[in-house]
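As structure tokens, the structure follows; a few thoughts come after it.
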Amino acid sequence: AVVARALPAAPGADPFAASYSSGAAAVDGAAAVDSADDGLRCEAPKAFLDDGEPFEACAEGLVILGGGVCSTRCAYGYGPTVHQLRCRADGQLHPPTFQCEPCAPDVKGWPWYRFVPTKLRGAGMTGVQLNELVFRYKGKGVSFTKADASVPEGVSAPGSEPQRAVDGNSQTGWSDESGSLRPLVLKFHCPVAFDQYTFFTASDDPRRDPVRWRLDGSNDRGSSWASIHEVLSDHPTTHERFRVLETWFRVPACLYNTAPNTLQVCRSTDELVRRGLAHPETP
């Protein structure tokens, strides 16, 4: 195996979150695993930090179903050279290994995001729900395949877990039953650029739809958060179910300027950053 050189993690920290000091992936080749029900499965590659501590190299776990994929994972600050390994019919992953390389230094954005609902449609409602959070950048959708979704101290029924909000399927969704308006936290390994976002409504009770919220970003693993966009007054979130909002929310928010042809145009992000009206990380 090639052993990755990792900086020591803080006491009690998840070793998966430790940062590499080299770009090598701590990966052994995968092996076939016998299955009593539907044939061969693939064993996930074995990954280790330099102190011998293992971490899961596949988001799907230690065993990949035949025909399925391993969504590769790296430590914070590093990204995989291959995003998916496919479990073939011969019980082997293809390709069998991958490497973790430092995040590109010139990509703007934040590696961690959180969607913070601050008010739901129904008076006194606290159980937030939505089916899909969607980002796009320069008109193209942003993949959440590499994001880990969680809700600190949240409570979700089976089939309504946080990851359902970013699984690329508008027919599945996340709901929280904890009794509080808890944030949906998305953790990428590297900064991810976007300039617009929206979401799909959930399958049932419209009273649980967000009508006010805030979107934050963090570049220090959640120690501090920058407010990227906030809806301060009730948004007319559609009552229709499984429906995307008609509004794409621009990041940064558009501050208009009058062009020579008298049309109103949005000021550039660079200008907003220079004037302190947008965060330096803003794409």
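Residue numbering restarts at 1 in every chain; chains get A, B, ... in the order shown in the structure tokens, and ligands count up from 1 in that same order.
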Checklist entry - Which neighbours of Asp220 (chain A) fall inside 10 Å, counting only C-alpha atoms, when residues of the same chain fewer than 2 positions from it are skipped, and could you give them as a ChimeraX atom specification? => result /A:110-112,217-218,222-225
Selection near Tyr197 (chain A), 9 Å with only C-alpha atoms, sequence-local residues under 4 positions removed, as a PDB file with N, CA and C atoms, in the first residue's frame:
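Final file, around_14.pdb:
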```
ATOM      1  N   LEU A 133     -31.724  20.688  -2.805  1.00  0.00           N
ATOM      2  CA  LEU A 133     -31.018  21.965  -2.878  1.00  0.00           C
ATOM      3  C   LEU A 133     -30.170  21.933  -4.143  1.00  0.00           C
ATOM      4  N   VAL A 134     -30.208  23.018  -4.916  1.00  0.00           N
ATOM      5  CA  VAL A 134     -29.564  23.031  -6.224  1.00  0.00           C
ATOM      6  C   VAL A 134     -28.656  24.251  -6.335  1.00  0.00           C
ATOM      7  N   PHE A 135     -27.408  24.016  -6.738  1.00  0.00           N
ATOM      8  CA  PHE A 135     -26.466  25.079  -7.056  1.00  0.00           C
ATOM      9  C   PHE A 135     -26.196  25.036  -8.561  1.00  0.00           C
ATOM     10  N   ARG A 136     -25.879  26.194  -9.131  1.00  0.00           N
ATOM     11  CA  ARG A 136     -25.350  26.206 -10.482  1.00  0.00           C
ATOM     12  C   ARG A 136     -24.302  27.312 -10.609  1.00  0.00           C
ATOM     13  N   TYR A 137     -23.426  27.138 -11.577  1.00  0.00           N
ATOM     14  CA  TYR A 137     -22.331  28.085 -11.799  1.00  0.00           C
ATOM     15  C   TYR A 137     -22.202  28.341 -13.292  1.00  0.00           C
ATOM     16  N   THR A 247     -37.603  31.226  -8.607  1.00  0.00           N
ATOM     17  CA  THR A 247     -36.485  32.158  -8.432  1.00  0.00           C
ATOM     18  C   THR A 247     -35.171  31.412  -8.284  1.00  0.00           C
ATOM     19  N   TRP A 248     -34.179  31.846  -9.057  1.00  0.00           N
ATOM     20  CA  TRP A 248     -32.798  31.465  -8.794  1.00  0.00           C
ATOM     21  C   TRP A 248     -32.159  32.625  -8.031  1.00  0.00           C
ATOM     22  N   PHE A 249     -31.635  32.336  -6.855  1.00  0.00           N
ATOM     23  CA  PHE A 249     -31.091  33.384  -5.997  1.00  0.00           C
ATOM     24  C   PHE A 249     -29.626  33.605  -6.357  1.00  0.00           C
ATOM     25  N   ARG A 250     -29.325  34.840  -6.726  1.00  0.00           N
ATOM     26  CA  ARG A 250     -27.991  35.176  -7.213  1.00  0.00           C
ATOM     27  C   ARG A 250     -27.024  35.395  -6.054  1.00  0.00           C
ATOM     28  N   VAL A 251     -25.798  34.892  -6.219  1.00  0.00           N
ATOM     29  CA  VAL A 251     -24.733  35.089  -5.239  1.00  0.00           C
ATOM     30  C   VAL A 251     -23.494  35.593  -5.984  1.00  0.00           C
TER      31      VAL A 251
END
```
Checklist entry - Looking only at the backbone, which of the residues in region 51-257 of chain A does DSSP tag as strand (DSSP E), as a ChimeraX atom specification? => result /A:54-56,63-64,69-71,78-80,84-87,93-94,100-102,110-120,129-130,132-137,140-141,148-150,174-175,184-192,196-200,210-218,226-231,249-250,256-257
Checklist entry - Got a sec: who's within 10 Å of Ile228 (chain A), counting only C-alpha atoms, leaving out chain neighbours fewer than 2 positions off, as a PyMOL selection string? => result chain A and resi 113-114+214-218+225-226+230+250-253+278-279+281-282
Next on the checklist: Residues within 6 Å of region 165-172 of chain A, please, as a ChimeraX atom specification. Count only C-alpha atoms; anything in the same chain fewer than 5 positions from it doesn't count.
Outcome noted: /A:131-133,144
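Between Asp270 (chain A) and the candidates A:Gly139, A:Pro152, A:Glu60, A:Pro283, the tightest atom-to-atom separation, counting only C-alpha atoms, involves A:Pro283.
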Name the residues in contact with Gly79 (chain A) at a cut-off of 6 Å, using only C-alpha atoms, excluding same-chain residues fewer than 2 positions from it; report them as a short mmCIF file (atom, residue, chain, number, x, y, z; two decimals) with all heavy atoms, in the first residue's frame.
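Result file follows (out_32.cif):
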```
data_model
loop_
_atom_site.label_atom_id
_atom_site.label_comp_id
_atom_site.auth_asym_id
_atom_site.auth_seq_id
_atom_site.Cartn_x
_atom_site.Cartn_y
_atom_site.Cartn_z
N CYS A 74 -11.43 11.90 0.14
CA CYS A 74 -10.10 12.29 0.58
C CYS A 74 -10.22 13.10 1.86
O CYS A 74 -11.32 13.49 2.26
CB CYS A 74 -9.39 13.13 -0.48
SG CYS A 74 -8.94 12.22 -1.97
N CYS A 100 -5.12 11.28 -3.90
CA CYS A 100 -5.66 12.52 -3.34
C CYS A 100 -4.65 13.63 -3.56
O CYS A 100 -3.50 13.53 -3.11
CB CYS A 100 -5.95 12.35 -1.86
SG CYS A 100 -7.27 11.17 -1.50
N GLU A 101 -5.07 14.67 -4.25
CA GLU A 101 -4.18 15.77 -4.57
C GLU A 101 -4.68 17.06 -3.93
O GLU A 101 -5.88 17.22 -3.68
CB GLU A 101 -4.07 15.94 -6.09
CG GLU A 101 -3.46 14.74 -6.79
CD GLU A 101 -3.32 14.95 -8.28
OE1 GLU A 101 -4.00 15.86 -8.83
OE2 GLU A 101 -2.56 14.20 -8.89
N CYS A 103 -6.15 20.67 -3.20
CA CYS A 103 -7.16 21.45 -3.91
C CYS A 103 -6.50 22.54 -4.74
O CYS A 103 -5.48 23.09 -4.36
CB CYS A 103 -8.12 22.10 -2.91
SG CYS A 103 -9.05 20.93 -1.90
#
```
Next on the checklist: For region 62-73 of chain A, find every residue with an atom within 10 Å (counting only C-alpha atoms), except residues of its own chain fewer than 3 positions away, and show them as an MDAnalysis selection string.
Outcome noted: chainID A and resid 16 25 30:33 35 38:47 55:59 76 78:94 97:100 145:148 188:189
Checklist entry - Closest to Asp176 (chain A) among A:Gln163, A:Gln129, A:Ser150, A:Asn219, using only C-alpha atoms? => result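 Selected residue with least distance to Asp176 (chain A): A:Gln129.
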Please identify the helix (DSSP H, G or I) residues within region 30-245 of chain A (assignment by DSSP from backbone atoms) and present them as a tab-separated table (two decimals) with C-alpha atoms, in the first residue's frame.
```
chain	number	residue	atom	x	y	z
A	162	PRO	CA	-29.92	14.92	4.98
A	163	GLN	CA	-28.09	13.32	2.05
A	164	ARG	CA	-31.45	13.07	0.26
A	165	ALA	CA	-31.41	16.86	-0.15
A	166	VAL	CA	-28.37	16.68	-2.44
A	206	PRO	CA	-46.64	22.94	2.64
A	207	ARG	CA	-46.62	24.42	6.14
A	208	ARG	CA	-43.13	22.97	6.58
```
Item to check | Top pick for closest residue to Leu184 (chain A), considering A:Pro117, A:Gly276, A:Pro105, A:Pro96 and counting only C-alpha atoms | outcome: A:Pro117
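Between CA of Phe199 (chain A) and CA of Thr269 (chain A) there is a distance of 23.2 Å.
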Checklist entry - Of the candidates A:Val192, A:Leu255, A:Leu263, A:Leu181, which shows the shortest atom-to-atom distance to Thr118 (chain A), using only C-alpha atoms? => result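 Among A:Val192, A:Leu255, A:Leu263, A:Leu181, it is A:Leu181 that comes nearest to Thr118 (chain A).
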